[in-house]
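A.B. asks: Input file: final-v2.txt. Contents: compact mmCIF, C-alpha atoms.
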# COMPACT_ATOMS: atom_id res chain seq x y z
CA MET A 1 -1.87 -26.80 19.35
CA GLN A 2 0.65 -29.57 20.09
CA SER A 3 1.52 -30.09 23.76
CA PHE A 4 4.75 -28.84 25.27
CA GLU A 5 6.11 -27.73 28.59
CA TYR A 6 7.15 -24.18 29.39
CA VAL A 7 9.95 -22.78 31.53
CA ALA A 8 11.23 -19.24 32.00
CA PRO A 9 14.76 -19.46 33.42
CA GLY A 10 16.62 -16.41 34.67
CA SER A 11 20.14 -17.01 33.37
CA VAL A 12 22.06 -17.85 30.20
CA LYS A 13 23.67 -20.81 31.97
CA GLU A 14 20.30 -22.40 32.74
CA VAL A 15 19.19 -22.02 29.11
CA VAL A 16 22.35 -23.75 27.84
CA GLU A 17 21.85 -26.58 30.35
CA LEU A 18 18.19 -27.02 29.39
CA LEU A 19 18.96 -26.97 25.66
CA THR A 20 21.82 -29.45 26.09
CA ALA A 21 19.82 -31.80 28.32
CA ASN A 22 16.86 -31.76 25.91
CA ASN A 23 19.06 -32.18 22.82
CA GLY A 24 16.88 -31.00 19.90
CA ARG A 25 13.58 -31.34 21.78
CA ALA A 26 13.56 -27.79 23.22
CA ARG A 27 13.39 -24.34 21.65
CA PRO A 28 14.03 -20.84 22.97
CA LEU A 29 10.97 -18.55 22.90
CA CYS A 30 11.12 -14.76 22.55
CA GLY A 31 8.08 -12.97 21.13
CA GLY A 32 6.71 -16.13 19.54
CA THR A 33 5.36 -14.29 16.50
CA ASP A 34 6.95 -16.86 14.18
CA LEU A 35 7.52 -19.76 16.57
CA LEU A 36 4.01 -20.11 18.02
CA VAL A 37 2.46 -19.91 14.54
CA GLN A 38 4.82 -22.60 13.25
CA LEU A 39 4.11 -24.85 16.25
CA ARG A 40 0.37 -24.44 15.83
CA GLU A 41 0.64 -25.37 12.15
CA ASN A 42 2.88 -28.35 13.03
CA ARG A 43 5.65 -26.99 10.81
CA LEU A 44 7.88 -27.37 13.88
CA LYS A 45 7.80 -29.77 16.81
CA THR A 46 8.94 -29.14 20.34
CA GLU A 47 8.56 -30.71 23.76
CA LEU A 48 9.79 -27.72 25.74
CA LEU A 49 9.67 -23.96 25.22
CA ILE A 50 12.35 -22.02 27.07
CA ASP A 51 11.18 -18.43 27.47
CA VAL A 52 14.39 -16.39 27.31
CA LYS A 53 13.02 -12.86 27.10
CA ASN A 54 13.37 -12.06 30.80
CA ILE A 55 17.09 -12.83 30.93
CA PRO A 56 18.91 -9.49 31.33
CA GLU A 57 21.55 -10.10 28.60
CA LEU A 58 18.83 -10.99 26.08
CA ALA A 59 16.39 -8.23 27.04
CA SER A 60 18.85 -5.32 27.05
CA ILE A 61 19.68 -2.70 24.47
CA HIS A 62 22.93 -0.99 25.32
CA TYR A 63 25.03 1.55 23.44
CA ASP A 64 28.64 2.31 24.20
CA PRO A 65 30.58 4.91 22.17
CA GLN A 66 33.59 2.54 22.08
CA ALA A 67 32.03 -0.93 21.94
CA GLY A 68 29.00 -0.07 19.82
CA LEU A 69 25.49 -1.42 20.13
CA TRP A 70 24.41 -4.52 22.05
CA LEU A 71 20.99 -5.67 20.90
CA GLY A 72 19.79 -8.41 23.21
CA ALA A 73 18.36 -11.20 21.05
CA ALA A 74 14.97 -10.84 22.76
CA ALA A 75 14.69 -7.03 22.56
CA SER A 76 11.47 -6.20 20.73
CA CYS A 77 11.30 -4.33 17.44
CA TYR A 78 9.29 -1.63 19.21
CA GLU A 79 11.91 -1.11 21.91
CA ILE A 80 14.71 -1.04 19.34
CA CYS A 81 12.99 1.47 17.03
CA HIS A 82 12.13 3.74 19.98
CA ASN A 83 15.60 3.58 21.54
CA LYS A 84 17.30 6.99 21.34
CA PHE A 85 20.78 5.58 20.69
CA VAL A 86 19.56 3.26 17.97
CA SER A 87 17.52 5.87 16.12
CA GLU A 88 20.32 8.46 16.33
CA ASN A 89 23.18 6.20 15.31
CA TYR A 90 21.62 3.43 13.22
CA PRO A 91 18.79 4.88 11.09
CA GLY A 92 19.34 2.20 8.44
CA LEU A 93 18.54 -0.46 11.03
CA VAL A 94 15.37 1.34 12.09
CA ASP A 95 14.33 1.51 8.38
CA ALA A 96 14.34 -2.28 8.28
CA ILE A 97 13.08 -3.18 11.76
CA HIS A 98 10.18 -0.73 11.56
CA LEU A 99 8.88 -2.61 8.50
CA ILE A 100 8.39 -5.89 10.36
CA GLY A 101 4.64 -6.35 10.91
CA GLY A 102 2.13 -3.97 12.45
CA VAL A 103 2.24 -2.47 15.93
CA GLN A 104 1.11 -5.68 17.68
CA ILE A 105 3.96 -7.60 16.05
CA GLN A 106 6.46 -4.77 16.66
CA TYR A 107 5.75 -4.91 20.40
CA ARG A 108 6.40 -8.63 20.54
CA ALA A 109 8.75 -9.73 17.76
CA SER A 110 12.50 -9.61 18.35
CA VAL A 111 15.31 -8.99 15.89
CA GLY A 112 17.05 -12.04 17.35
CA GLY A 113 13.99 -14.08 16.41
CA ASN A 114 13.95 -12.58 12.91
CA LEU A 115 17.53 -13.85 12.51
CA CYS A 116 16.90 -17.30 14.02
CA ASN A 117 13.80 -17.80 11.88
CA ALA A 118 16.24 -17.48 8.94
CA SER A 119 13.70 -16.42 6.34
CA PRO A 120 15.35 -15.42 3.04
CA ALA A 121 13.02 -12.38 3.10
CA ALA A 122 13.73 -11.29 6.72
CA ASP A 123 13.87 -7.49 6.64
CA SER A 124 16.32 -6.97 9.49
CA ILE A 125 19.07 -9.21 8.12
CA PRO A 126 20.32 -7.25 5.06
CA ALA A 127 20.36 -4.12 7.25
CA LEU A 128 22.40 -5.89 9.95
CA ILE A 129 24.82 -7.17 7.30
CA VAL A 130 25.53 -3.70 5.89
CA TYR A 131 26.23 -2.44 9.42
CA GLU A 132 28.78 -5.30 9.84
CA ALA A 133 26.79 -6.70 12.76
CA THR A 134 27.83 -9.93 14.47
CA CYS A 135 25.92 -12.69 16.27
CA MET A 136 26.84 -13.56 19.85
CA ILE A 137 26.05 -17.24 20.30
CA ALA A 138 25.93 -18.81 23.75
CA GLY A 139 26.72 -22.50 24.24
CA SER A 140 28.27 -24.96 26.66
CA ASN A 141 31.80 -23.82 25.70
CA GLY A 142 31.05 -20.15 26.31
CA THR A 143 30.20 -17.52 23.72
CA ARG A 144 31.26 -17.45 20.06
CA GLU A 145 30.88 -14.55 17.63
CA ILE A 146 30.17 -14.81 13.90
CA PRO A 147 29.27 -12.24 11.20
CA VAL A 148 25.51 -11.96 10.58
CA GLU A 149 26.02 -12.92 6.91
CA GLN A 150 27.21 -16.38 8.05
CA PHE A 151 24.30 -17.05 10.43
CA CYS A 152 21.63 -18.30 8.00
CA VAL A 153 22.47 -21.44 6.02
CA ALA A 154 19.19 -22.32 4.24
CA PRO A 155 15.53 -21.22 4.38
CA GLY A 156 14.53 -21.62 8.05
CA LYS A 157 17.95 -23.01 8.99
CA ASN A 158 20.77 -21.33 10.92
CA VAL A 159 24.22 -22.28 12.23
CA LEU A 160 23.11 -22.92 15.81
CA GLN A 161 24.23 -26.32 17.10
CA ASN A 162 22.61 -28.37 19.86
CA GLY A 163 22.86 -26.53 23.16
CA GLU A 164 23.45 -23.17 21.46
CA PHE A 165 21.22 -20.12 21.22
CA LEU A 166 21.47 -16.54 20.04
CA LEU A 167 22.38 -14.24 22.92
CA ALA A 168 22.67 -10.88 21.19
CA ILE A 169 23.55 -8.98 18.06
CA LYS A 170 26.48 -6.59 18.22
CA VAL A 171 26.68 -3.64 15.86
CA PRO A 172 29.97 -1.70 15.56
CA VAL A 173 30.19 2.03 16.26
CA VAL A 174 29.25 4.14 13.27
CA LYS A 175 32.05 6.46 12.16
CA GLU A 176 31.95 9.87 10.55
CA PHE A 177 30.97 10.00 6.84
CA PHE A 178 29.08 6.71 7.14
CA GLY A 179 25.51 6.19 5.96
CA ALA A 180 23.18 3.24 5.50
CA HIS A 181 19.67 2.51 4.28
CA TYR A 182 17.32 -0.44 3.79
CA LEU A 183 14.25 -0.57 1.61
CA ARG A 184 12.05 -3.26 0.18
CA PHE A 185 9.48 -3.67 -2.53
CA ILE A 186 6.01 -4.99 -1.65
CA PRO A 187 2.87 -4.79 -3.76
CA ARG A 188 0.87 -3.21 -0.91
CA ASN A 189 1.54 -0.08 1.18
CA GLU A 190 2.06 -1.96 4.45
CA MET A 191 2.23 -5.34 6.09
CA ASP A 192 3.66 -7.69 3.51
CA ILE A 193 6.69 -9.84 2.88
CA ALA A 194 9.44 -8.41 0.70
CA VAL A 195 9.46 -9.30 -3.01
CA VAL A 196 13.03 -8.00 -2.82
CA GLY A 197 14.79 -6.13 -0.02
CA ALA A 198 18.04 -4.19 -0.37
CA GLY A 199 20.42 -2.77 2.21
CA ALA A 200 23.41 -0.55 1.46
CA SER A 201 26.03 1.24 3.50
CA VAL A 202 28.86 3.53 2.44
CA MET A 203 31.87 5.13 4.05
CA LEU A 204 32.94 8.35 2.31
CA ASP A 205 36.21 10.23 2.33
CA LYS A 206 36.52 13.68 3.91
CA THR A 207 35.62 15.48 0.69
CA ARG A 208 32.43 13.39 0.56
CA GLN A 209 33.00 12.87 -3.18
CA LYS A 210 34.58 9.42 -3.00
CA ILE A 211 33.50 6.10 -1.53
CA LEU A 212 36.10 4.50 0.73
CA SER A 213 34.13 1.32 1.36
CA ALA A 214 30.62 0.00 0.83
CA ARG A 215 28.46 -3.00 1.67
CA ILE A 216 25.38 -4.28 -0.12
CA ALA A 217 23.02 -7.06 0.96
CA LEU A 218 19.82 -8.36 -0.61
CA GLY A 219 16.77 -10.16 0.76
CA ALA A 220 14.33 -12.61 -0.88
CA VAL A 221 16.56 -13.37 -3.87
CA ALA A 222 18.50 -16.42 -2.62
CA PRO A 223 18.01 -19.26 -0.09
CA THR A 224 19.50 -16.97 2.57
CA PRO A 225 19.89 -13.20 2.88
CA LEU A 226 22.64 -12.43 0.39
CA PHE A 227 25.76 -10.39 1.15
CA VAL A 228 27.05 -9.10 -2.21
CA GLU A 229 30.62 -8.44 -1.18
CA GLU A 230 31.84 -7.86 -4.75
CA ALA A 231 29.43 -4.92 -5.26
CA GLY A 232 30.91 -3.16 -2.23
CA GLN A 233 34.45 -3.99 -3.32
CA PHE A 234 33.75 -2.47 -6.74
CA LEU A 235 32.69 0.81 -5.13
CA ALA A 236 35.73 1.09 -2.85
CA GLY A 237 37.87 4.03 -3.99
CA LYS A 238 35.37 5.11 -6.65
CA ALA A 239 33.91 8.57 -7.19
CA ILE A 240 30.24 9.12 -6.41
CA ILE A 241 28.98 9.31 -9.97
CA GLU A 242 25.95 7.73 -11.60
CA GLU A 243 27.97 5.22 -13.68
CA ASN A 244 29.58 3.71 -10.58
CA ILE A 245 26.30 3.44 -8.67
CA HIS A 246 24.74 1.83 -11.73
CA GLU A 247 27.59 -0.65 -12.07
CA ALA A 248 27.34 -1.67 -8.39
CA ALA A 249 23.59 -2.20 -8.84
CA ILE A 250 24.27 -4.44 -11.85
CA ILE A 251 26.81 -6.47 -9.84
CA ALA A 252 24.19 -6.96 -7.11
CA GLN A 253 21.62 -7.96 -9.71
CA GLU A 254 23.99 -10.56 -11.17
CA ALA A 255 24.68 -12.06 -7.74
CA ALA A 256 20.95 -12.61 -7.07
CA ARG A 257 19.58 -16.13 -7.60
CA PRO A 258 15.83 -15.56 -7.15
CA ILE A 259 13.00 -18.01 -7.60
CA SER A 260 9.55 -17.36 -9.06
CA ASP A 261 6.70 -17.55 -6.57
CA LEU A 262 3.37 -15.90 -5.82
CA ARG A 263 5.08 -12.63 -4.91
CA GLY A 264 6.95 -12.23 -8.19
CA THR A 265 8.81 -13.95 -11.00
CA ALA A 266 12.55 -14.48 -10.93
CA GLU A 267 12.90 -12.02 -13.83
CA TYR A 268 10.93 -9.35 -11.97
CA ARG A 269 13.01 -9.89 -8.83
CA LYS A 270 16.22 -9.53 -10.87
CA HIS A 271 14.97 -6.21 -12.19
CA LEU A 272 14.07 -5.04 -8.68
CA CYS A 273 17.55 -5.94 -7.38
CA ALA A 274 19.18 -3.29 -9.55
CA VAL A 275 16.52 -0.64 -8.87
CA LEU A 276 16.48 -1.14 -5.10
CA THR A 277 20.28 -1.38 -4.79
CA ARG A 278 20.65 1.92 -6.61
CA ARG A 279 18.02 3.61 -4.41
CA ALA A 280 19.47 2.17 -1.19
CA LEU A 281 22.95 3.40 -2.21
CA GLU A 282 21.68 6.87 -3.07
CA ILE A 283 20.01 7.30 0.32
CA ALA A 284 23.01 5.79 2.15
CA ILE A 285 25.26 8.34 0.38
CA LYS A 286 22.89 11.19 1.20
CA ARG A 287 22.95 10.18 4.88
CA ALA A 288 26.74 9.88 4.89
CA ARG A 289 27.05 13.35 3.37
CA ALA A 290 24.65 14.82 5.95
CA GLN A 291 26.79 13.59 8.85
CA MET B 1 -2.24 -34.16 27.92
CA ASN B 2 0.20 -31.94 29.73
CA LYS B 3 -0.40 -31.05 33.32
CA LYS B 4 -1.87 -27.66 33.98
CA VAL B 5 0.08 -24.71 35.30
CA ARG B 6 -1.12 -22.07 37.75
CA VAL B 7 -0.98 -18.48 36.46
CA GLN B 8 -1.57 -15.30 38.44
CA ALA B 9 -2.14 -12.01 36.65
CA THR B 10 -4.03 -8.73 36.77
CA ILE B 11 -6.75 -8.61 34.15
CA ASN B 12 -8.78 -5.40 33.73
CA GLY B 13 -7.56 -4.28 37.13
CA GLU B 14 -8.58 -7.45 38.96
CA GLU B 15 -6.24 -10.05 40.39
CA VAL B 16 -7.03 -13.37 38.74
CA GLU B 17 -5.66 -16.86 39.08
CA PHE B 18 -6.30 -19.68 36.64
CA LEU B 19 -5.03 -23.06 35.52
CA CYS B 20 -3.99 -23.64 31.92
CA GLU B 21 -1.89 -25.88 29.75
CA PRO B 22 1.35 -24.30 28.49
CA ARG B 23 0.16 -24.73 24.91
CA GLN B 24 -2.98 -22.61 25.43
CA SER B 25 -2.96 -19.12 23.97
CA LEU B 26 -3.91 -16.11 26.04
CA LEU B 27 -6.88 -15.65 23.68
CA GLU B 28 -8.13 -19.17 24.37
CA VAL B 29 -7.90 -18.69 28.14
CA LEU B 30 -9.49 -15.23 28.06
CA ARG B 31 -12.46 -16.51 26.09
CA GLU B 32 -12.92 -20.05 27.35
CA THR B 33 -11.61 -20.04 30.92
CA LEU B 34 -12.23 -16.47 32.05
CA GLY B 35 -15.37 -15.75 30.01
CA LEU B 36 -13.94 -12.56 28.48
CA THR B 37 -15.23 -12.97 24.93
CA GLY B 38 -14.53 -9.40 23.76
CA ALA B 39 -11.23 -10.35 22.11
CA LYS B 40 -12.08 -12.29 18.96
CA GLU B 41 -10.42 -15.15 17.15
CA GLY B 42 -10.04 -14.09 13.52
CA CYS B 43 -6.99 -15.65 11.92
CA ASN B 44 -5.38 -17.24 14.99
CA ASN B 45 -1.93 -16.54 13.51
CA GLY B 46 -1.14 -12.94 14.33
CA ASN B 47 -2.30 -11.29 11.11
CA CYS B 48 -5.73 -9.77 11.73
CA GLY B 49 -5.56 -8.02 15.12
CA ALA B 50 -9.11 -9.04 16.19
CA CYS B 51 -7.67 -10.52 19.40
CA THR B 52 -5.63 -7.41 20.31
CA VAL B 53 -5.19 -6.82 24.06
CA ILE B 54 -2.86 -4.65 26.15
CA MET B 55 -0.11 -6.36 28.11
CA ASP B 56 1.88 -4.08 30.44
CA GLY B 57 1.05 -1.13 28.17
CA ALA B 58 2.06 -2.96 24.98
CA LEU B 59 -0.34 -3.99 22.24
CA VAL B 60 -0.22 -7.73 21.56
CA ASN B 61 -2.14 -10.26 19.54
CA SER B 62 -3.43 -12.57 22.28
CA CYS B 63 -3.60 -15.51 19.84
CA ILE B 64 0.21 -15.59 19.68
CA VAL B 65 0.90 -15.01 23.37
CA LEU B 66 0.83 -18.07 25.60
CA ALA B 67 -1.41 -17.73 28.64
CA VAL B 68 1.52 -18.84 30.84
CA GLU B 69 3.48 -15.82 29.60
CA ILE B 70 1.16 -13.38 31.42
CA ASN B 71 2.09 -14.75 34.85
CA GLY B 72 2.80 -11.67 37.00
CA HIS B 73 1.76 -9.25 34.25
CA ARG B 74 -1.13 -6.84 33.65
CA VAL B 75 -3.58 -7.37 30.81
CA THR B 76 -6.38 -5.11 29.62
CA THR B 77 -9.03 -6.37 27.22
CA VAL B 78 -11.79 -4.44 25.50
CA GLU B 79 -13.97 -5.20 28.55
CA GLY B 80 -11.62 -2.98 30.58
CA ILE B 81 -11.75 0.07 28.30
CA ALA B 82 -15.03 1.63 29.47
CA THR B 83 -15.22 3.10 32.99
CA PRO B 84 -18.06 2.99 35.53
CA HIS B 85 -18.87 6.52 34.32
CA GLY B 86 -19.55 5.39 30.78
CA LEU B 87 -18.02 4.39 27.49
CA HIS B 88 -14.55 5.48 26.46
CA PRO B 89 -14.58 8.37 23.91
CA LEU B 90 -13.35 5.90 21.28
CA GLN B 91 -16.34 3.67 21.90
CA GLU B 92 -18.69 6.69 21.75
CA LYS B 93 -17.18 7.81 18.45
CA PHE B 94 -17.23 4.35 16.89
CA LEU B 95 -20.97 4.37 17.57
CA ALA B 96 -21.48 7.97 16.43
CA HIS B 97 -19.64 7.35 13.13
CA ALA B 98 -21.10 3.84 12.66
CA ALA B 99 -17.48 2.73 12.30
CA LEU B 100 -18.45 -0.92 12.10
CA GLN B 101 -20.65 -3.25 10.16
CA CYS B 102 -20.34 -6.84 11.37
CA GLY B 103 -18.40 -5.66 14.44
CA PHE B 104 -16.04 -8.61 14.67
CA CYS B 105 -12.89 -6.50 14.31
CA THR B 106 -14.18 -3.65 16.53
CA PRO B 107 -12.76 -4.78 19.91
CA GLY B 108 -9.29 -5.05 18.35
CA PHE B 109 -9.60 -1.60 16.78
CA ILE B 110 -10.81 -0.03 20.04
CA VAL B 111 -7.96 -1.52 22.06
CA ALA B 112 -5.32 -0.64 19.45
CA SER B 113 -6.66 2.92 19.08
CA LYS B 114 -6.64 3.40 22.87
CA ILE B 115 -2.88 2.87 23.04
CA LEU B 116 -2.38 5.17 20.04
CA LEU B 117 -4.27 8.01 21.75
CA ASP B 118 -2.54 7.34 25.09
CA GLN B 119 0.81 7.80 23.35
CA ASN B 120 -0.15 10.36 20.73
CA PRO B 121 -3.25 12.36 21.76
CA ASN B 122 -3.42 14.27 18.47
CA PRO B 123 -2.44 11.90 15.65
CA SER B 124 -2.57 12.74 11.95
CA GLU B 125 -4.68 10.63 9.61
CA PHE B 126 -1.49 9.00 8.34
CA GLU B 127 -0.44 8.11 11.88
CA VAL B 128 -3.85 6.58 12.61
CA ARG B 129 -3.76 4.51 9.43
CA GLU B 130 -0.19 3.35 10.01
CA TRP B 131 -0.87 2.44 13.66
CA LEU B 132 -3.97 0.44 12.73
CA ALA B 133 -2.25 -1.45 9.87
CA GLY B 134 -2.17 -4.57 12.05
CA ASN B 135 -5.97 -4.59 12.42
CA LEU B 136 -7.97 -5.88 9.50
CA CYS B 137 -11.58 -4.95 8.72
CA ARG B 138 -13.31 -6.60 5.77
CA CYS B 139 -16.51 -4.53 5.96
CA THR B 140 -15.98 -0.81 6.38
CA GLY B 141 -13.12 0.07 4.06
CA TYR B 142 -11.54 1.69 7.16
CA ASP B 143 -12.65 5.23 6.40
CA ARG B 144 -15.25 5.49 9.16
CA ILE B 145 -12.88 3.82 11.62
CA VAL B 146 -10.18 6.39 10.91
CA ARG B 147 -12.69 9.24 11.19
CA ALA B 148 -13.97 7.88 14.52
CA VAL B 149 -10.44 7.69 15.95
CA LEU B 150 -9.60 11.22 14.78
CA ASP B 151 -12.86 12.52 16.24
CA ALA B 152 -12.22 10.73 19.55
CA ALA B 153 -8.79 12.34 19.68
CA GLN B 154 -10.34 15.78 19.17
CA SER B 155 -13.02 15.24 21.80
CA GLN B 156 -10.39 14.05 24.30
CA GLU B 157 -8.30 17.14 23.61
CA LYS B 158 -11.33 19.37 24.27
CA SER B 159 -12.22 17.65 27.53
CA LEU B 160 -8.70 18.05 28.91
Rewrite the coordinates I just gave you, this time as structure tokens.
C.D. replies:
Amino acid sequence: MQSFEYVAPGSVKEVVELLTANNGRARPLCGGTDLLVQLRENRLKTELLIDVKNIPELASIHYDPQAGLWLGAAASCYEICHNKFVSENYPGLVDAIHLIGGVQIQYRASVGGNLCNASPAADSIPALIVYEATCMIAGSNGTREIPVEQFCVAPGKNVLQNGEFLLAIKVPVVKEFFGAHYLRFIPRNEMDIAVVGAGASVMLDKTRQKILSARIALGAVAPTPLFVEEAGQFLAGKAIIEENIHEAAIIAQEAARPISDLRGTAEYRKHLCAVLTRRALEIAIKRARAQ
Amino acid sequence: MNKKVRVQATINGEEVEFLCEPRQSLLEVLRETLGLTGAKEGCNNGNCGACTVIMDGALVNSCIVLAVEINGHRVTTVEGIATPHGLHPLQEKFLAHAALQCGFCTPGFIVASKILLDQNPNPSEFEVREWLAGNLCRCTGYDRIVRAVLDAAQSQEKSL
């Protein structure tokens, strides 16, 4: 593997200083399940790895009934999926995060890293988008907050500027009559990268017959995880009937801009978009009704 | 070449201290510096699980952990699974069921299965298969491995 130096600072301030001083020649390290592989294959270069996973703000998972969920960027998939507050309040997030790799990867990989790696097929990102999650980004001017759907800008590229790094992901409190789900299609039973992934969330009215608002996001069908805002807007105020679910699925399908690759053709991916969106919506509605 | 860093850790219950470059994986140091060749290098990119070890109770692929990252931590390799009194029930059952052919993946399976049984002493077949999804075997077709793990779970239950 290429040579680099390694430091494990204890504070956010030190990380910002190190990143700024090493302008583009340093990278934050969490679980390393993507980063170390990419460094070994020379797909990335670095002179310094800054291990951030022992910094309290990045390592913590914290739930507050008013402020919502704080997912430290370095919290592992395993810790997140086994956290009582996360599994009780955000089952749609657990659906997605649980799918990332086998147990060895789950113990090590972080959701923050899944975001920063900015893969179009990242499983956690559509789920975070439908929960209206935001990214807390630390930098020399303090912390800025942006919606998750704005974080990725191209395959492997994110909005982080020199001196900046992802501190945490914030997920708002889930209200009554809300439900969400994420699912993906892979040709095997386990351990693969999504051909298409779909996340959906709905907010129902008190009668549980009408959708007040909805969000739909797709993975692996565009250069970045795709927030299909218009599909959710279409569903707002609509009755929960098959025609409306079908129409929303068609809107999502039309928004997708997939490529053909070894995992599937563009045509096949288009087809999957509609199927998976419909299924994700149906389970999200079922969960909202069960609340 | 980068200068070497001093790392102190507990490996298989023993305090150890070694020098390594920051770029060296834990797997590389275990095998080449510390002489612990139980963990195997299969894919060297986190896919196959042949290099699985336990770090502070968590299962990790040692090929994608840097050796410097274990400073101050506890690591258990397959060499630390048996006790002075004999093999671990998992090791006994892997032998009894002939749950291996070439044996290259076996250390990873033993280590991964140990954490499964520590956490879930009576797993279902589905739970065993799901837990071991990060360990690849190209010989056995997995069936004997799964049977060995289930049998080890039963024998542990009986001995309790």
A.B. asks: Taking all atoms listed in the file into account, find every residue of chain A that has an atom no more than 8 Å from chain B, and write it out as a PDB file with C-alpha atoms, keeping the file's coordinate frame.
C.D. replies:
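Saved result, out.pdb, follows:
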ATOM      1  CA  MET A   1      -1.870 -26.800  19.350  1.00  0.00           C
ATOM      2  CA  GLN A   2       0.650 -29.570  20.090  1.00  0.00           C
ATOM      3  CA  SER A   3       1.520 -30.090  23.760  1.00  0.00           C
ATOM      4  CA  PHE A   4       4.750 -28.840  25.270  1.00  0.00           C
ATOM      5  CA  GLU A   5       6.110 -27.730  28.590  1.00  0.00           C
ATOM      6  CA  TYR A   6       7.150 -24.180  29.390  1.00  0.00           C
ATOM      7  CA  GLY A  31       8.080 -12.970  21.130  1.00  0.00           C
ATOM      8  CA  GLY A  32       6.710 -16.130  19.540  1.00  0.00           C
ATOM      9  CA  THR A  33       5.360 -14.290  16.500  1.00  0.00           C
ATOM     10  CA  LEU A  36       4.010 -20.110  18.020  1.00  0.00           C
ATOM     11  CA  VAL A  37       2.460 -19.910  14.540  1.00  0.00           C
ATOM     12  CA  GLY A 101       4.640  -6.350  10.910  1.00  0.00           C
ATOM     13  CA  GLY A 102       2.130  -3.970  12.450  1.00  0.00           C
ATOM     14  CA  VAL A 103       2.240  -2.470  15.930  1.00  0.00           C
ATOM     15  CA  GLN A 104       1.110  -5.680  17.680  1.00  0.00           C
ATOM     16  CA  ILE A 105       3.960  -7.600  16.050  1.00  0.00           C
ATOM     17  CA  TYR A 107       5.750  -4.910  20.400  1.00  0.00           C
ATOM     18  CA  ARG A 108       6.400  -8.630  20.540  1.00  0.00           C
ATOM     19  CA  GLU A 190       2.060  -1.960   4.450  1.00  0.00           C
ATOM     20  CA  MET A 191       2.230  -5.340   6.090  1.00  0.00           C
TER      21      MET A 191
END
A.B. asks: Please report the interatomic distance between CA of Phe126 (chain B) and CA of Ile80 (chain A) in Å with one decimal.
C.D. replies: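 The value is 22.0 Å.
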A.B. asks: Neighbouring residues of Leu100 (chain B) were defined as those with any atom within 12 Å, considering only C-alpha atoms; residues of the same chain fewer than 3 positions away were excluded. Please report them as a list in words.
C.D. replies: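 In the requested format, the answer is Gln91, Lys93, Phe94, Leu95, Ala96, His97, Gly103, Phe104, Cys105, Thr106, Pro107, Gly108, Phe109, Ile110, Leu136, Cys137, Arg138, Cys139, Thr140, Gly141, Tyr142, Asp143, Arg144, Ile145, Val146, Arg147 and Ala148 of chain B.
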A.B. asks: Please compute the CA of His88 (chain B)-CA of Pro121 (chain B) distance, one decimal, in Å.
C.D. replies: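 One can read the CA of His88 (chain B) to CA of Pro121 (chain B) distance as 14.0 Å.
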